[in-house]
$ cat query02.csv   # CSV, C-alpha atoms
chain,number,residue,atom,x,y,z
A,1,MET,CA,16.0,-35.7,-52.5
A,2,ALA,CA,17.0,-32.4,-50.9
A,3,ALA,CA,19.7,-30.3,-52.5
A,4,SER,CA,23.2,-31.2,-51.3
A,5,ASN,CA,26.2,-29.1,-50.8
A,6,ALA,CA,27.1,-27.3,-54.1
A,7,GLU,CA,30.7,-26.5,-53.3
A,8,ASN,CA,31.9,-30.0,-54.3
A,9,PHE,CA,29.5,-30.4,-57.3
A,10,LEU,CA,32.3,-30.5,-59.9
A,11,GLN,CA,34.5,-32.7,-57.7
A,12,ARG,CA,31.8,-35.4,-57.4
A,13,THR,CA,30.6,-35.2,-61.0
A,14,ARG,CA,34.0,-34.9,-62.8
A,15,ALA,CA,33.7,-38.3,-64.3
A,16,ALA,CA,30.4,-37.5,-66.1
A,17,LYS,CA,30.1,-38.9,-69.6
A,18,LYS,CA,27.1,-36.8,-70.7
A,19,VAL,CA,26.4,-33.2,-69.6
A,20,MET,CA,23.5,-30.9,-70.6
A,21,VAL,CA,23.5,-27.1,-70.0
A,22,LEU,CA,19.8,-26.2,-70.2
A,23,ASP,CA,19.2,-22.5,-70.6
A,24,LEU,CA,16.4,-21.9,-73.1
A,25,GLY,CA,17.7,-18.4,-73.7
A,26,PHE,CA,17.2,-15.9,-76.6
A,27,LEU,CA,20.1,-14.2,-78.4
A,28,GLY,CA,21.4,-12.0,-75.6
A,29,ASP,CA,21.1,-14.7,-72.9
A,30,THR,CA,22.9,-17.2,-75.1
A,31,VAL,CA,25.8,-14.9,-76.0
A,32,HIS,CA,26.1,-14.3,-72.2
A,33,LEU,CA,26.0,-18.1,-71.6
A,34,LEU,CA,29.1,-18.8,-73.7
A,35,PRO,CA,31.9,-18.1,-71.0
A,36,ALA,CA,30.1,-20.4,-68.5
A,37,LEU,CA,29.6,-23.0,-71.3
A,38,TRP,CA,33.3,-22.9,-72.0
A,39,LEU,CA,34.1,-23.4,-68.3
A,40,VAL,CA,31.8,-26.5,-68.4
A,41,ARG,CA,33.6,-27.7,-71.5
A,42,GLN,CA,36.9,-27.4,-69.7
A,43,ALA,CA,35.7,-29.1,-66.6
A,44,TYR,CA,34.4,-32.2,-68.4
A,45,PRO,CA,36.8,-32.6,-71.3
A,46,GLN,CA,35.8,-36.2,-71.8
A,47,ALA,CA,32.1,-35.7,-71.7
A,48,GLU,CA,29.6,-35.3,-74.5
A,49,LEU,CA,28.4,-31.7,-74.0
A,50,HIS,CA,24.8,-30.7,-75.0
A,51,VAL,CA,23.2,-27.3,-74.7
A,52,THR,CA,19.5,-26.2,-75.0
A,53,VAL,CA,18.7,-22.7,-76.2
A,54,ALA,CA,15.6,-21.1,-77.8
A,55,ALA,CA,14.9,-22.9,-81.1
A,56,HIS,CA,15.0,-19.7,-83.2
A,57,ILE,CA,18.6,-18.9,-82.3
A,58,THR,CA,20.2,-22.4,-82.5
A,59,SER,CA,22.2,-21.3,-85.5
A,60,LEU,CA,24.3,-19.0,-83.2
A,61,MET,CA,25.7,-22.1,-81.7
A,62,ASP,CA,27.6,-22.8,-84.9
A,63,CYS,CA,30.2,-20.5,-83.3
A,64,VAL,CA,30.9,-23.0,-80.5
A,65,PRO,CA,32.0,-26.2,-82.3
A,66,TRP,CA,33.3,-27.5,-79.0
A,67,VAL,CA,29.7,-28.2,-78.0
A,68,ASN,CA,28.7,-31.7,-79.2
A,69,ARG,CA,24.9,-31.2,-79.6
A,70,VAL,CA,22.6,-28.2,-79.7
A,71,TRP,CA,18.9,-28.6,-78.8
A,72,GLY,CA,16.3,-26.1,-79.7
A,73,TYR,CA,13.3,-25.3,-77.4
A,74,MET,CA,10.3,-23.5,-78.8
A,75,ARG,CA,9.9,-20.0,-77.2
A,76,TYR,CA,9.5,-17.7,-80.2
A,77,PRO,CA,7.2,-16.8,-82.0
A,78,ARG,CA,5.1,-19.0,-79.7
A,79,HIS,CA,5.6,-20.9,-76.5
A,80,ALA,CA,6.1,-24.7,-76.5
A,81,THR,CA,2.9,-26.6,-76.4
A,82,LEU,CA,2.1,-29.2,-73.7
A,83,ARG,CA,2.8,-31.9,-76.2
A,84,GLU,CA,6.2,-30.4,-77.1
A,85,ASN,CA,7.1,-30.1,-73.4
A,86,ILE,CA,6.2,-33.8,-72.9
A,87,GLN,CA,8.3,-34.7,-75.9
A,88,MET,CA,11.2,-32.6,-74.6
A,89,VAL,CA,11.1,-34.4,-71.2
A,90,ALA,CA,11.0,-37.8,-72.9
A,91,ARG,CA,14.0,-36.9,-75.0
A,92,LEU,CA,15.9,-35.6,-72.0
A,93,ARG,CA,15.2,-38.8,-70.1
A,94,ARG,CA,16.2,-41.0,-73.1
A,95,GLU,CA,19.6,-39.3,-73.1
A,96,GLN,CA,20.3,-40.3,-69.5
A,97,PHE,CA,22.4,-37.3,-68.7
A,98,ASP,CA,24.9,-37.7,-65.8
A,99,VAL,CA,24.8,-33.9,-65.2
A,100,LEU,CA,22.4,-31.1,-66.0
A,101,ILE,CA,23.4,-27.5,-65.3
A,102,ASN,CA,20.7,-24.8,-65.2
A,103,LEU,CA,22.0,-21.3,-64.5
A,104,ASN,CA,18.7,-19.7,-65.6
A,105,GLY,CA,16.4,-20.5,-62.7
A,106,SER,CA,13.2,-19.8,-64.5
A,107,ASP,CA,10.1,-21.9,-63.6
A,108,ARG,CA,10.0,-23.6,-67.0
A,109,SER,CA,13.6,-24.5,-67.2
A,110,SER,CA,13.5,-25.7,-63.6
A,111,TRP,CA,10.6,-28.1,-64.3
A,112,LEU,CA,12.4,-29.4,-67.3
A,113,THR,CA,15.5,-29.9,-65.2
A,114,PHE,CA,13.6,-31.7,-62.5
A,115,LEU,CA,11.9,-34.0,-65.0
A,116,SER,CA,15.0,-34.7,-67.0
A,117,GLY,CA,16.1,-37.7,-65.1
A,118,ALA,CA,19.6,-36.4,-64.9
A,119,ARG,CA,21.5,-37.9,-62.0
A,120,GLU,CA,23.0,-34.6,-60.8
A,121,ARG,CA,21.2,-31.3,-61.4
A,122,LEU,CA,22.8,-28.0,-60.6
A,123,GLY,CA,20.5,-25.0,-60.4
A,124,ARG,CA,20.7,-21.3,-59.7
A,125,MET,CA,18.2,-20.0,-57.1
A,126,PRO,CA,15.7,-17.6,-58.7
A,127,ASN,CA,15.2,-14.1,-57.3
A,128,GLY,CA,13.2,-14.4,-54.1
A,129,GLY,CA,14.1,-18.0,-53.7
A,130,GLY,CA,11.5,-19.4,-56.1
A,131,PRO,CA,8.5,-21.6,-55.0
A,132,PRO,CA,8.8,-23.6,-51.8
A,133,PHE,CA,9.7,-26.8,-53.6
A,134,TRP,CA,12.2,-25.2,-56.0
A,135,GLN,CA,15.3,-26.5,-54.1
A,136,ARG,CA,14.0,-30.1,-54.4
A,137,MET,CA,14.1,-29.9,-58.2
A,138,PHE,CA,17.9,-29.9,-58.0
A,139,THR,CA,20.6,-32.0,-56.3
A,140,ALA,CA,22.7,-28.9,-55.7
A,141,HIS,CA,22.0,-25.2,-56.1
A,142,VAL,CA,23.8,-21.9,-55.8
A,143,ALA,CA,22.6,-18.4,-55.1
A,144,HIS,CA,24.1,-15.3,-56.7
A,145,PRO,CA,22.7,-11.8,-57.1
A,146,PHE,CA,21.0,-11.2,-60.5
A,147,THR,CA,21.7,-7.5,-61.1
A,148,GLU,CA,25.2,-6.5,-59.9
A,149,GLU,CA,27.4,-7.8,-62.8
A,150,PRO,CA,27.1,-8.6,-66.5
A,151,VAL,CA,25.1,-11.8,-67.0
A,152,TYR,CA,28.1,-13.7,-68.4
A,153,GLU,CA,30.1,-12.9,-65.2
A,154,GLN,CA,27.2,-13.9,-63.0
A,155,ARG,CA,27.0,-17.3,-64.6
A,156,CYS,CA,30.8,-17.9,-64.2
A,157,ARG,CA,30.5,-17.0,-60.6
A,158,CYS,CA,27.7,-19.4,-60.1
A,159,LEU,CA,29.9,-22.2,-61.4
A,160,ALA,CA,32.7,-21.1,-59.2
A,161,LYS,CA,30.4,-21.6,-56.2
A,162,ALA,CA,29.9,-25.1,-57.5
A,163,GLY,CA,33.6,-25.8,-57.4
A,164,PHE,CA,34.4,-24.9,-61.0
A,165,PRO,CA,37.7,-23.1,-61.6
A,166,SER,CA,37.4,-19.3,-61.1
A,167,THR,CA,39.1,-18.0,-64.3
A,168,PRO,CA,38.5,-14.9,-66.3
A,169,PRO,CA,35.5,-15.3,-68.6
A,170,GLU,CA,36.3,-16.3,-72.2
A,171,PHE,CA,33.8,-16.5,-75.0
A,172,HIS,CA,35.7,-18.9,-77.2
A,173,ALA,CA,33.4,-18.1,-80.1
A,174,GLN,CA,34.7,-19.0,-83.6
A,175,VAL,CA,33.1,-16.8,-86.2
A,176,ASP,CA,33.5,-18.5,-89.6
A,177,PRO,CA,34.6,-15.9,-92.2
A,178,ALA,CA,32.8,-17.9,-94.8
A,179,GLY,CA,29.7,-16.1,-93.6
A,180,LEU,CA,31.0,-13.0,-95.4
A,181,ARG,CA,30.3,-14.5,-98.8
A,182,ALA,CA,26.6,-14.5,-98.2
A,183,ALA,CA,26.9,-10.8,-97.5
A,184,ASP,CA,28.9,-10.1,-100.6
A,185,ILE,CA,31.8,-8.9,-98.5
A,186,SER,CA,35.4,-9.8,-99.3
A,187,GLY,CA,38.6,-10.0,-97.2
A,188,ALA,CA,39.7,-6.7,-98.7
A,189,ASP,CA,36.7,-5.0,-97.1
A,190,LYS,CA,38.0,-5.7,-93.6
A,191,GLY,CA,37.7,-2.6,-91.4
A,192,SER,CA,36.4,-0.5,-94.3
A,193,TYR,CA,32.8,-0.2,-93.1
A,194,VAL,CA,30.7,0.7,-90.2
A,195,HIS,CA,27.8,-1.7,-89.4
A,196,ILE,CA,24.6,-0.2,-88.0
A,197,SER,CA,21.8,-2.3,-86.6
A,198,PRO,CA,19.3,0.4,-85.6
A,199,PHE,CA,16.2,-1.5,-84.6
A,200,THR,CA,15.2,-3.5,-81.6
A,201,THR,CA,11.7,-4.8,-80.5
A,202,ALA,CA,9.9,-1.5,-79.6
A,203,ASP,CA,10.0,2.2,-80.4
A,204,PHE,CA,10.9,3.2,-76.9
A,205,LYS,CA,14.2,1.4,-77.2
A,206,GLU,CA,15.1,3.0,-80.5
A,207,LEU,CA,16.3,6.4,-81.7
A,208,PRO,CA,13.6,8.5,-83.4
A,209,PRO,CA,13.6,7.9,-87.2
A,210,GLU,CA,14.6,11.4,-88.0
A,211,GLN,CA,17.6,11.1,-85.7
A,212,LEU,CA,18.7,7.9,-87.4
A,213,VAL,CA,18.8,9.7,-90.7
A,214,GLU,CA,20.8,12.5,-89.0
A,215,LEU,CA,23.2,9.9,-87.5
A,216,ILE,CA,23.8,8.3,-90.8
A,217,ALA,CA,24.5,11.6,-92.4
A,218,ALA,CA,26.9,12.5,-89.6
A,219,LEU,CA,28.7,9.3,-89.8
A,220,THR,CA,29.1,9.7,-93.6
A,221,LYS,CA,30.5,13.2,-93.0
A,222,HIS,CA,32.9,12.4,-90.1
A,223,PHE,CA,34.1,9.1,-91.5
A,224,PRO,CA,34.2,9.6,-95.3
A,225,GLU,CA,36.6,6.7,-95.7
A,226,LYS,CA,34.1,4.3,-94.2
A,227,LYS,CA,31.3,2.6,-96.0
A,228,LEU,CA,28.0,1.9,-94.3
A,229,ALA,CA,26.2,-1.5,-93.8
A,230,LEU,CA,22.8,-1.6,-92.3
A,231,SER,CA,21.0,-4.6,-91.0
A,232,CYS,CA,17.8,-5.7,-89.3
A,233,ALA,CA,16.1,-8.8,-88.1
A,234,PRO,CA,13.8,-10.8,-90.4
A,235,VAL,CA,10.6,-9.7,-88.7
A,236,PRO,CA,7.8,-7.5,-90.2
A,237,ARG,CA,8.3,-4.7,-87.8
A,238,GLU,CA,12.0,-4.2,-88.5
A,239,LEU,CA,11.6,-4.8,-92.2
A,240,GLU,CA,9.0,-2.1,-92.5
A,241,LYS,CA,11.2,0.3,-90.5
A,242,MET,CA,14.2,-0.5,-92.7
A,243,GLU,CA,12.2,0.3,-95.8
A,244,GLN,CA,11.1,3.6,-94.3
A,245,LEU,CA,14.6,4.5,-93.3
A,246,LEU,CA,16.1,3.7,-96.7
A,247,ALA,CA,13.4,5.9,-98.3
A,248,GLN,CA,14.7,8.9,-96.3
A,249,LEU,CA,18.4,8.5,-97.0
A,250,PRO,CA,19.8,10.6,-99.8
A,251,GLN,CA,21.9,7.6,-101.1
A,252,LYS,CA,21.6,3.9,-100.6
A,253,PRO,CA,24.1,2.5,-98.1
A,254,TRP,CA,26.9,0.2,-99.3
A,255,ARG,CA,25.2,-2.9,-98.0
A,256,VAL,CA,21.7,-3.5,-96.6
A,257,PHE,CA,20.9,-6.7,-94.9
A,258,ALA,CA,17.1,-6.7,-94.5
A,259,GLY,CA,16.8,-9.9,-92.4
A,260,ASN,CA,18.5,-12.0,-95.0
A,261,LEU,CA,21.6,-13.1,-93.0
A,262,SER,CA,21.8,-16.0,-90.5
A,263,LEU,CA,23.1,-15.1,-87.0
A,264,MET,CA,26.6,-16.5,-87.9
A,265,GLN,CA,26.7,-14.5,-91.2
A,266,LEU,CA,25.7,-11.4,-89.3
A,267,ALA,CA,28.4,-12.1,-86.7
A,268,ALA,CA,30.9,-12.4,-89.5
A,269,VAL,CA,29.8,-9.1,-91.0
A,270,ILE,CA,30.1,-7.4,-87.6
A,271,GLN,CA,33.5,-8.9,-86.8
A,272,HIS,CA,34.8,-7.8,-90.2
A,273,SER,CA,33.6,-4.2,-89.8
A,274,GLY,CA,35.7,-1.3,-88.5
A,275,ALA,CA,33.0,-0.5,-86.0
A,276,ALA,CA,29.4,-1.3,-85.1
A,277,THR,CA,26.6,0.9,-83.7
A,278,PRO,CA,23.9,-1.5,-82.7
A,279,GLY,CA,20.5,-0.9,-81.2
A,280,ARG,CA,21.0,-4.5,-80.4
A,281,SER,CA,24.5,-6.0,-80.1
A,282,ILE,CA,26.2,-9.3,-80.7
B,1,MET,CA,31.7,-11.8,-78.7
B,2,THR,CA,33.2,-10.5,-81.9
B,3,ASN,CA,35.4,-7.9,-80.1
B,4,THR,CA,34.4,-5.3,-82.7
B,5,PRO,CA,34.6,-1.6,-81.5
B,6,THR,CA,31.0,-0.8,-80.7
B,7,VAL,CA,28.9,2.2,-79.8
B,8,ALA,CA,25.6,1.1,-78.3
B,9,TRP,CA,22.6,3.1,-77.2
B,10,PHE,CA,20.3,1.7,-74.6
B,11,TRP,CA,16.9,2.5,-73.1
B,12,PRO,CA,17.0,3.1,-69.3
B,13,ASN,CA,16.2,-0.6,-68.4
B,14,PRO,CA,16.2,-1.1,-64.6
B,15,GLY,CA,18.4,-4.3,-65.2
B,16,ILE,CA,20.7,-2.5,-67.6
B,17,ARG,CA,23.9,-3.3,-65.7
B,18,GLN,CA,23.5,-7.0,-66.5
B,19,TRP,CA,23.6,-6.4,-70.2
B,20,LEU,CA,26.3,-3.8,-70.6
B,21,PRO,CA,29.7,-4.8,-72.0
B,22,ASN,CA,32.4,-4.7,-69.3
B,23,GLY,CA,35.6,-3.3,-70.5
B,24,GLY,CA,36.8,-3.7,-74.1
B,25,PRO,CA,36.3,-1.5,-77.1
B,26,TYR,CA,32.8,-0.4,-76.3
B,27,ARG,CA,31.0,2.8,-75.6
B,28,VAL,CA,27.5,2.7,-74.2
B,29,ILE,CA,25.1,5.7,-74.1
B,30,VAL,CA,21.9,5.4,-72.1
B,31,GLY,CA,19.0,7.5,-73.1
B,32,ALA,CA,15.7,8.4,-71.4
B,33,ASN,CA,12.1,7.7,-72.1
B,34,GLU,CA,10.4,11.0,-71.6
B,35,PRO,CA,6.6,11.3,-70.9
B,36,GLY,CA,4.7,11.4,-74.2
B,37,ALA,CA,7.6,10.5,-76.4
B,38,ASN,CA,7.4,7.3,-78.4
B,39,HIS,CA,11.1,6.9,-79.0
B,40,LEU,CA,14.3,7.0,-76.9
B,41,GLY,CA,15.4,10.5,-76.1
B,42,LYS,CA,18.2,12.4,-74.4
B,43,ILE,CA,20.9,11.1,-76.8
B,44,GLU,CA,22.6,13.7,-78.9
B,45,THR,CA,23.7,12.6,-82.4
B,46,GLN,CA,27.1,14.2,-81.7
B,47,GLN,CA,27.5,12.0,-78.6
B,48,LEU,CA,27.2,9.0,-80.8
B,49,VAL,CA,29.6,10.4,-83.4
B,50,ARG,CA,32.2,11.4,-80.8
B,51,ALA,CA,32.0,7.9,-79.2
B,52,GLY,CA,32.7,6.4,-82.7
B,53,GLN,CA,35.6,8.8,-83.2
B,54,ILE,CA,37.1,7.7,-79.9
B,55,LEU,CA,36.8,4.1,-80.7
B,56,LEU,CA,38.0,4.3,-84.3
B,57,GLY,CA,40.9,6.5,-83.2
B,58,ALA,CA,41.9,3.9,-80.7
B,59,ALA,CA,41.1,0.9,-82.9
$ encode --input "query02.csv" --output "structure tokens"
Amino acid sequence: MAASNAENFLQRTRAAKKVMVLDLGFLGDTVHLLPALWLVRQAYPQAELHVTVAAHITSLMDCVPWVNRVWGYMRYPRHATLRENIQMVARLRREQFDVLINLNGSDRSSWLTFLSGARERLGRMPNGGGPPFWQRMFTAHVAHPFTEEPVYEQRCRCLAKAGFPSTPPEFHAQVDPAGLRAADISGADKGSYVHISPFTTADFKELPPEQLVELIAALTKHFPEKKLALSCAPVPRELEKMEQLLAQLPQKPWRVFAGNLSLMQLAAVIQHSGAATPGRSI
Amino acid sequence: MTNTPTVAWFWPNPGIRQWLPNGGPYRVIVGANEPGANHLGKIETQQLVRAGQILLGAA
């Protein structure tokens, strides 16, 4: 079936009982998905709302208890196998979604959308329009530029083109302060420390090691009332870099989280801090 | 997401505008990848400290 007019997508699907937002995103993509996800939640208040993100970051979705079910799709540290993709399609079809929304537009997510069996499938046209048959994978699609605005705004604007209310983006994330306990941080520490997450995925995105040492010294000098908390991801590259950084510091920071916090615990640590200086940000 | 005052440094990614915070208590400093350099360059430590001072002063 060829794609139909997207403008009345919400109007004609408003009675949906089961809705899936399929994104497959990593951490940054998923944070940027939250405002659009909230719009979907508001638009289908009676529906069971599901979301699919990359399997290794599903714990982030604990911050959106208004999503009924979170699905993980294997993307890291390896891609999903053919068998896993077939299982995913079978699972999607069993659920019999009334609506599936895909604002990602990637080939993989588009195929999963097409094969999902969802009655109504809203897609976002990829850069360049995608393969010739792309539009046929969806029952409605929208087009919106990929580079002009922050991703979270782009996604909300895509929904607006499908008839969803055009309201200012809201993340509606609820960070559970209980996550602080795992970090050995108390309520009395609120605002008393600066959190630094200095590492990313490659050297060319990071400050030189000697400059990191200099930055930490400068922060200690200019903000003597603030304690320092450092964190990194639980991957060998970052753990090794953290070890090397700590060896160069004249004194150990107040807290060091060497890959031992969940995403929600890390979000609680960042939210409770006075400021954060991330190489990567939440 | 957490609305924490944040100083971020970025590499000059061609799609950078998509990932920068828009408004709010954030300061973003974009560096440069110079030929032969392994790490991000063209960011002064004092720039980062000043950005932190501005944010914490306003926080």
$ interface_residues --input "query02.csv" --of "chain A" --to "chain B" --cutoff "7 Å" --atoms "only C-alpha atoms" --output "PyMOL selection string"
chain A and resi 147-151+171+173+203-208+215+219+267+270-271+275-279+282
$ atom_distance --input "query02.csv" --atom1 "atom CA of A:Tyr152" --atom2 "atom CA of A:Val31"
8.0 Å
$ residues_around --input "query02.csv" --residues "stretch 116-119 of chain A" --least-positions-apart "5" --cutoff "6 Å" --atoms "all atoms listed in the file" --output "number ranges by chain"
A: 89, 92-93, 97-99
$ write_last_selection --input "query02.csv" --atoms "C-alpha atoms" --output "compact mmCIF listing (two decimals), in the frame of the given file"
# COMPACT_ATOMS: atom_id res chain seq x y z
CA VAL A 89 11.10 -34.40 -71.20
CA LEU A 92 15.90 -35.60 -72.00
CA ARG A 93 15.20 -38.80 -70.10
CA PHE A 97 22.40 -37.30 -68.70
CA ASP A 98 24.90 -37.70 -65.80
CA VAL A 99 24.80 -33.90 -65.20
$ closest_residue --input "query02.csv" --among "A:Val175, A:Ala47, A:Met137, A:Leu39" --to "A:Arg14" --atoms "only C-alpha atoms"
A:Ala47
$ atom_distance --input "query02.csv" --atom1 "atom CA of A:Leu159" --atom2 "atom CA of A:Thr52"
17.6 Å
$ atom_distance --input "query02.csv" --atom1 "atom CA of A:Gly191" --atom2 "atom CA of A:Thr220"
15.2 Å
$ residues_around --input "query02.csv" --residues "A:Thr113" --least-positions-apart "6" --cutoff "12 Å" --atoms "only C-alpha atoms" --output "mmCIF file with C-alpha atoms, keeping the file's coordinate frame"
data_model
loop_
_atom_site.group_PDB
_atom_site.id
_atom_site.type_symbol
_atom_site.label_atom_id
_atom_site.label_comp_id
_atom_site.auth_asym_id
_atom_site.auth_seq_id
_atom_site.Cartn_x
_atom_site.Cartn_y
_atom_site.Cartn_z
ATOM 1 C CA MET A 20 23.500 -30.900 -70.600
ATOM 2 C CA VAL A 21 23.500 -27.100 -70.000
ATOM 3 C CA LEU A 22 19.800 -26.200 -70.200
ATOM 4 C CA ASP A 23 19.200 -22.500 -70.600
ATOM 5 C CA LEU A 24 16.400 -21.900 -73.100
ATOM 6 C CA THR A 52 19.500 -26.200 -75.000
ATOM 7 C CA ASN A 85 7.100 -30.100 -73.400
ATOM 8 C CA MET A 88 11.200 -32.600 -74.600
ATOM 9 C CA VAL A 89 11.100 -34.400 -71.200
ATOM 10 C CA ALA A 90 11.000 -37.800 -72.900
ATOM 11 C CA LEU A 92 15.900 -35.600 -72.000
ATOM 12 C CA ARG A 93 15.200 -38.800 -70.100
ATOM 13 C CA PHE A 97 22.400 -37.300 -68.700
ATOM 14 C CA VAL A 99 24.800 -33.900 -65.200
ATOM 15 C CA LEU A 100 22.400 -31.100 -66.000
ATOM 16 C CA ILE A 101 23.400 -27.500 -65.300
ATOM 17 C CA ASN A 102 20.700 -24.800 -65.200
ATOM 18 C CA LEU A 103 22.000 -21.300 -64.500
ATOM 19 C CA ASN A 104 18.700 -19.700 -65.600
ATOM 20 C CA GLY A 105 16.400 -20.500 -62.700
ATOM 21 C CA SER A 106 13.200 -19.800 -64.500
ATOM 22 C CA ASP A 107 10.100 -21.900 -63.600
ATOM 23 C CA ARG A 119 21.500 -37.900 -62.000
ATOM 24 C CA GLU A 120 23.000 -34.600 -60.800
ATOM 25 C CA ARG A 121 21.200 -31.300 -61.400
ATOM 26 C CA LEU A 122 22.800 -28.000 -60.600
ATOM 27 C CA GLY A 123 20.500 -25.000 -60.400
ATOM 28 C CA ARG A 124 20.700 -21.300 -59.700
ATOM 29 C CA TRP A 134 12.200 -25.200 -56.000
ATOM 30 C CA GLN A 135 15.300 -26.500 -54.100
ATOM 31 C CA ARG A 136 14.000 -30.100 -54.400
ATOM 32 C CA MET A 137 14.100 -29.900 -58.200
ATOM 33 C CA PHE A 138 17.900 -29.900 -58.000
ATOM 34 C CA THR A 139 20.600 -32.000 -56.300
ATOM 35 C CA ALA A 140 22.700 -28.900 -55.700
#
$ closest_residue --input "query02.csv" --among "A:Ala143, A:Val19, A:Ile196, A:Pro77" --to "A:Val51" --atoms "only C-alpha atoms"
A:Val19
$ residues_around --input "query02.csv" --residues "A:Leu245" --least-positions-apart "4" --cutoff "10 Å" --atoms "all atoms listed in the file" --output "number ranges by chain"
A: 198, 209-210, 212-213, 239-241, 249
$ write_last_selection --input "query02.csv" --atoms "C-alpha atoms" --output "short mmCIF file (atom, residue, chain, number, x, y, z; two decimals), in the frame of the given file"
data_model
loop_
_atom_site.label_atom_id
_atom_site.label_comp_id
_atom_site.auth_asym_id
_atom_site.auth_seq_id
_atom_site.Cartn_x
_atom_site.Cartn_y
_atom_site.Cartn_z
CA PRO A 198 19.30 0.40 -85.60
CA PRO A 209 13.60 7.90 -87.20
CA GLU A 210 14.60 11.40 -88.00
CA LEU A 212 18.70 7.90 -87.40
CA VAL A 213 18.80 9.70 -90.70
CA LEU A 239 11.60 -4.80 -92.20
CA GLU A 240 9.00 -2.10 -92.50
CA LYS A 241 11.20 0.30 -90.50
CA LEU A 249 18.40 8.50 -97.00
#
$ residues_around --input "query02.csv" --residues "A:Val64" --least-positions-apart "6" --cutoff "12 Å" --atoms "all atoms listed in the file" --output "PyMOL selection string"
(chain A and resi 30-31+33-35+37-38+41+49-51+58+70+170-176+264) or (chain B and resi 1)
$ decode --input "query02.csv" --residues "stretch 25-47 of chain B" --atoms "C-alpha atoms" --output "short mmCIF file (atom, residue, chain, number, x, y, z; two decimals), in the first residue's frame"
data_model
loop_
_atom_site.label_atom_id
_atom_site.label_comp_id
_atom_site.auth_asym_id
_atom_site.auth_seq_id
_atom_site.Cartn_x
_atom_site.Cartn_y
_atom_site.Cartn_z
CA PRO B 25 22.35 26.42 31.51
CA TYR B 26 24.87 25.13 28.98
CA ARG B 27 28.12 26.34 27.47
CA VAL B 28 29.58 24.54 24.49
CA ILE B 29 33.14 24.98 23.25
CA VAL B 30 34.02 23.50 19.87
CA GLY B 31 37.65 22.59 19.31
CA ALA B 32 39.60 21.69 16.19
CA ASN B 33 41.34 18.61 14.89
CA GLU B 34 44.66 19.86 13.63
CA PRO B 35 46.81 17.88 11.18
CA GLY B 36 49.08 15.44 13.00
CA ALA B 37 47.40 15.92 16.39
CA ASN B 38 45.82 12.88 18.04
CA HIS B 39 43.60 14.85 20.38
CA LEU B 40 41.17 17.73 20.22
CA GLY B 41 42.93 21.09 20.01
CA LYS B 42 42.24 24.82 20.01
CA ILE B 43 40.51 24.80 23.38
CA GLU B 44 42.16 26.77 26.15
CA THR B 45 41.85 25.45 29.68
CA GLN B 46 40.96 28.97 30.80
CA GLN B 47 38.04 29.01 28.34
#
